[in-house]
Amino acid sequence: MSTGYGKSAIYQVAGLLIEGATVVVSPLIALQRDQVESIESELPGEAARVASDLPESERERALAEAGEGELEFLFLSPEQLANPDVLADVAAAEPSLLVVDEAHCISEWGHDFRPDYLRLGAVAEVLGRPTLLALTATAAPPVRDEIVARLGMRDPLVIVRGFDRPNIRLEVERHEEQHRKRRALVDRVVGSEPPGIVYCATKKAAEEVAKELRDRGVKAQHYHGGLTPRRREKRQQQFMDTGEVEVMVATIAFGMGIDKPDVRWVFHHDISDSVDSYYQELGRAGRDGAPAEAVLFYRPQDLGLRRFFASGRVKHDELNQVAQAIIVHEDPVRPKELADELPISDTKLATAVQHLEEAGFARVRDDGSIEAVRDADLIEAVQRAGEAEEHRQEFDRSRVEMMRAYAETDGCRRAFVLGYFGE
């Protein structure tokens with residue numbers, strides 16, 4: 001169901017009607033904070049969150065109140081549930097409803113993959129298998145299938161509200177030269193009524209475009225993962241609430257939780273990695289239902305960067321390193337311990353463990369620790385894991401090609417997007 005159409009109301013109403021606590025897994029602290037404040041304004045004392053930005057005493061109080069039946073809604077990130085002590089406290093509350101918000105984060109094929117989401121199926125078992133509700137704004141059929149499979153949902157009712165956003169005009173401006181494309185985008189921003197968002201593929205491009213816009217008198221700032229959390233939060237607030245920033249020039253780090261109703265346009269300086277990502281990003285425009293624009297500034301050569309990113313996955317030798325590290329530990333090992341030992345990112349580690357588990361080499365326990373399966377053949381398992389990773393890379397490359405097809409189609413772009421999502 002599209003953002004702004006009432007996904008939160010679904011779990012809030014259901015949570016109040018079903019006796020017992022409601023646990024909501026939400027990926028961002030800002031999202032959790034907004035939801036708790038919203039519920040508390042209507043039902044004081046019924047919602048709390050457990051997050052890293054809170055003092056330990058507040059986290060403990062929230063878990064204690066949930067365990068004593070004094071709290072209806074408890075919000076946590078999947079990373080918090082990876083802590084065995086937190087998970088045990090949540091299980092003690094005997095929740096009746098487990099809500100997975102932004103459920104596309106569980107999918108490797110999705111555009112906001114979060115490794116800790118992969119454990120939520122096991123978390124559901126530890127919590128006593130309460131009723132499961134998974135919510136997302138954008139999920140093509142393969143992503144929906146994976147959400148169901150990863151969460152171990154049994155005979156689920158799948159409801160697709162619809163993807164059409166008829167108030168957003170879809171446009172592509174084609175260019176052959178980089179400097180002409182940049183100039184056209186800056187000119188279009190200067191001539192457009194704010195507020196608006198410009199998406200860039202790299203931090204460097206976001207900083208450059210924001211500076212060019214400021215030089216033209218636009219109240220613009222850049223936003224990317226290289227900024228400190230405090231600076232990111234300040235700039236987000238300046239855009240969302242104060243109007244000090246009218247145009248945010250950002251990488252995809254400026255994403256989930258951006259629910260500003262009056263964004264009039266979303267321009268893309270660079271092509272997205274998939275139609276899923278693109279539609280999620282442009283969907284931040286026009287949430288008030290008034291006319292809005294989504295313009296992709298397209299240069300065919302830009303596809304090379306996306307194809308490069310699509311190939312930057314877990315390599316065979318990295319799969320082998322992870323497998324060897326798991327064997328070295330005779331007892332189950334925590335992912336953080338493996339991450340400290342190996343020269344690969346947390347995301348690559350999670351992907352490698354997942355492939356090795358599916359290949360029958362590794363087992364992820366309920367507490368999140370990892371152990372080797374006795375008598376499993378390492379060479380054969382790594383080979384199978386490598387084949388699975390190659391399949392994923394081929395899928396990623398195919399998604400880039402679908403984005404190219406969107407940019408170059410001569411037909412109705414809305415029909416193209418809706419067809420992609422199976423509608």
# chains A, B, ... in the order shown; residues from 1 in each chain; ligands from 1

$ residues_around --residues "Ala51 of chain A" --least-positions-apart "6" --cutoff "8 Å" --atoms "only C-alpha atoms" --output "VMD selection string"
chain A and resid 29 59 76 to 77 80

$ write_last_selection --atoms "C-alpha atoms" --output "PDB file, in the first residue's frame"
ATOM      1  CA  ILE A  29      14.838   5.468  14.897  1.00  0.00           C
ATOM      2  CA  ARG A  59      14.872   0.989  27.433  1.00  0.00           C
ATOM      3  CA  LEU A  76      12.200  -1.960  18.168  1.00  0.00           C
ATOM      4  CA  SER A  77      14.705  -2.180  15.335  1.00  0.00           C
ATOM      5  CA  GLN A  80      17.774  -4.574  18.937  1.00  0.00           C
TER       6      GLN A  80
END

$ residues_around --residues "Glu401 of chain A" --least-positions-apart "4" --cutoff "12 Å" --atoms "only C-alpha atoms" --output "PyMOL selection string"
chain A and resi 271-275+300+303-304+306-307+310+394-397+405-409

$ atom_distance --atom1 "atom CA of Glu357 of chain A" --atom2 "atom CA of Asp375 of chain A"
13.8 Å

$ residues_around --residues "Phe416 of chain A" --least-positions-apart "2" --cutoff "12 Å" --atoms "only C-alpha atoms" --output "list of chain:residue names"
A:Phe163, A:Asp164, A:Leu170, A:Val275, A:Tyr279, A:Met402, A:Met403, A:Arg404, A:Ala405, A:Tyr406, A:Ala407, A:Glu408, A:Thr409, A:Asp410, A:Gly411, A:Cys412, A:Arg413, A:Arg414, A:Leu418, A:Gly419, A:Tyr420, A:Phe421, A:Gly422, A:Glu423

$ write_last_selection --atoms "N, CA and C atoms" --output "compact mmCIF listing (two decimals), in the first residue's frame"
# COMPACT_ATOMS: atom_id res chain seq x y z
N PHE A 163 -0.46 0.46 -6.78
CA PHE A 163 0.76 1.27 -6.86
C PHE A 163 0.56 2.60 -7.57
N ASP A 164 -0.58 2.79 -8.19
CA ASP A 164 -0.75 3.97 -9.03
C ASP A 164 -0.74 5.26 -8.21
N LEU A 170 5.19 11.61 -14.67
CA LEU A 170 6.46 10.92 -14.89
C LEU A 170 7.10 11.43 -16.19
N VAL A 275 13.60 -0.34 -10.91
CA VAL A 275 12.30 0.34 -10.94
C VAL A 275 11.73 0.40 -9.52
N TYR A 279 10.67 4.01 -8.01
CA TYR A 279 9.29 4.33 -7.66
C TYR A 279 9.15 4.67 -6.18
N MET A 402 15.92 -3.19 -16.66
CA MET A 402 14.53 -2.75 -16.59
C MET A 402 14.46 -1.23 -16.40
N MET A 403 15.39 -0.69 -15.65
CA MET A 403 15.44 0.76 -15.47
C MET A 403 15.80 1.44 -16.78
N ARG A 404 16.72 0.84 -17.53
CA ARG A 404 17.06 1.39 -18.85
C ARG A 404 15.82 1.38 -19.76
N ALA A 405 15.07 0.27 -19.71
CA ALA A 405 13.87 0.17 -20.54
C ALA A 405 12.85 1.26 -20.17
N TYR A 406 12.73 1.53 -18.87
CA TYR A 406 11.83 2.60 -18.42
C TYR A 406 12.28 3.94 -19.00
N ALA A 407 13.58 4.22 -18.92
CA ALA A 407 14.10 5.51 -19.36
C ALA A 407 13.94 5.69 -20.87
N GLU A 408 14.00 4.60 -21.62
CA GLU A 408 14.03 4.71 -23.08
C GLU A 408 12.70 4.36 -23.74
N THR A 409 11.68 4.00 -22.97
CA THR A 409 10.42 3.62 -23.59
C THR A 409 9.76 4.81 -24.29
N ASP A 410 9.07 4.52 -25.39
CA ASP A 410 8.31 5.55 -26.10
C ASP A 410 6.84 5.52 -25.69
N GLY A 411 6.48 4.52 -24.85
CA GLY A 411 5.09 4.38 -24.43
C GLY A 411 4.82 5.10 -23.12
N CYS A 412 3.66 4.80 -22.55
CA CYS A 412 3.25 5.43 -21.29
C CYS A 412 4.10 4.88 -20.15
N ARG A 413 4.79 5.78 -19.47
CA ARG A 413 5.68 5.34 -18.38
C ARG A 413 4.88 4.82 -17.18
N ARG A 414 3.70 5.38 -16.95
CA ARG A 414 2.87 4.89 -15.85
C ARG A 414 2.47 3.44 -16.10
N LEU A 418 3.39 0.24 -13.63
CA LEU A 418 2.33 -0.59 -13.06
C LEU A 418 2.46 -2.03 -13.57
N GLY A 419 2.84 -2.19 -14.83
CA GLY A 419 3.06 -3.53 -15.34
C GLY A 419 4.20 -4.24 -14.63
N TYR A 420 5.26 -3.49 -14.33
CA TYR A 420 6.39 -4.05 -13.59
C TYR A 420 5.96 -4.60 -12.25
N PHE A 421 5.06 -3.89 -11.57
CA PHE A 421 4.60 -4.33 -10.26
C PHE A 421 3.44 -5.32 -10.33
N GLY A 422 3.13 -5.80 -11.53
CA GLY A 422 2.13 -6.83 -11.68
C GLY A 422 0.70 -6.30 -11.60
N GLU A 423 0.53 -5.03 -11.92
CA GLU A 423 -0.79 -4.42 -11.80
C GLU A 423 -1.31 -4.02 -13.18

$ atom_distance --atom1 "atom CA of Gln280 of chain A" --atom2 "atom CA of Lys204 of chain A"
22.5 Å

$ select_by_dssp --residues "segment 167-282 of chain A" --states "strand (DSSP E)" --output "list in words"
Ile168, Arg169, Leu170, Glu171, Val172, Glu173, Arg174, Gly196, Ile197, Val198, Tyr199, Ala220, Gln221, His222, Tyr223, Val247, Met248, Val249, Ala250, Trp265, Val266, Phe267 and His268 of chain A

$ closest_residue --among "A:Gln32, A:Val23, A:Arg363, A:Leu349" --to "Glu337 of chain A" --atoms "only C-alpha atoms"
A:Leu349

$ atom_distance --atom1 "atom CA of Arg188 of chain A" --atom2 "atom CA of Gly289 of chain A"
22.1 Å
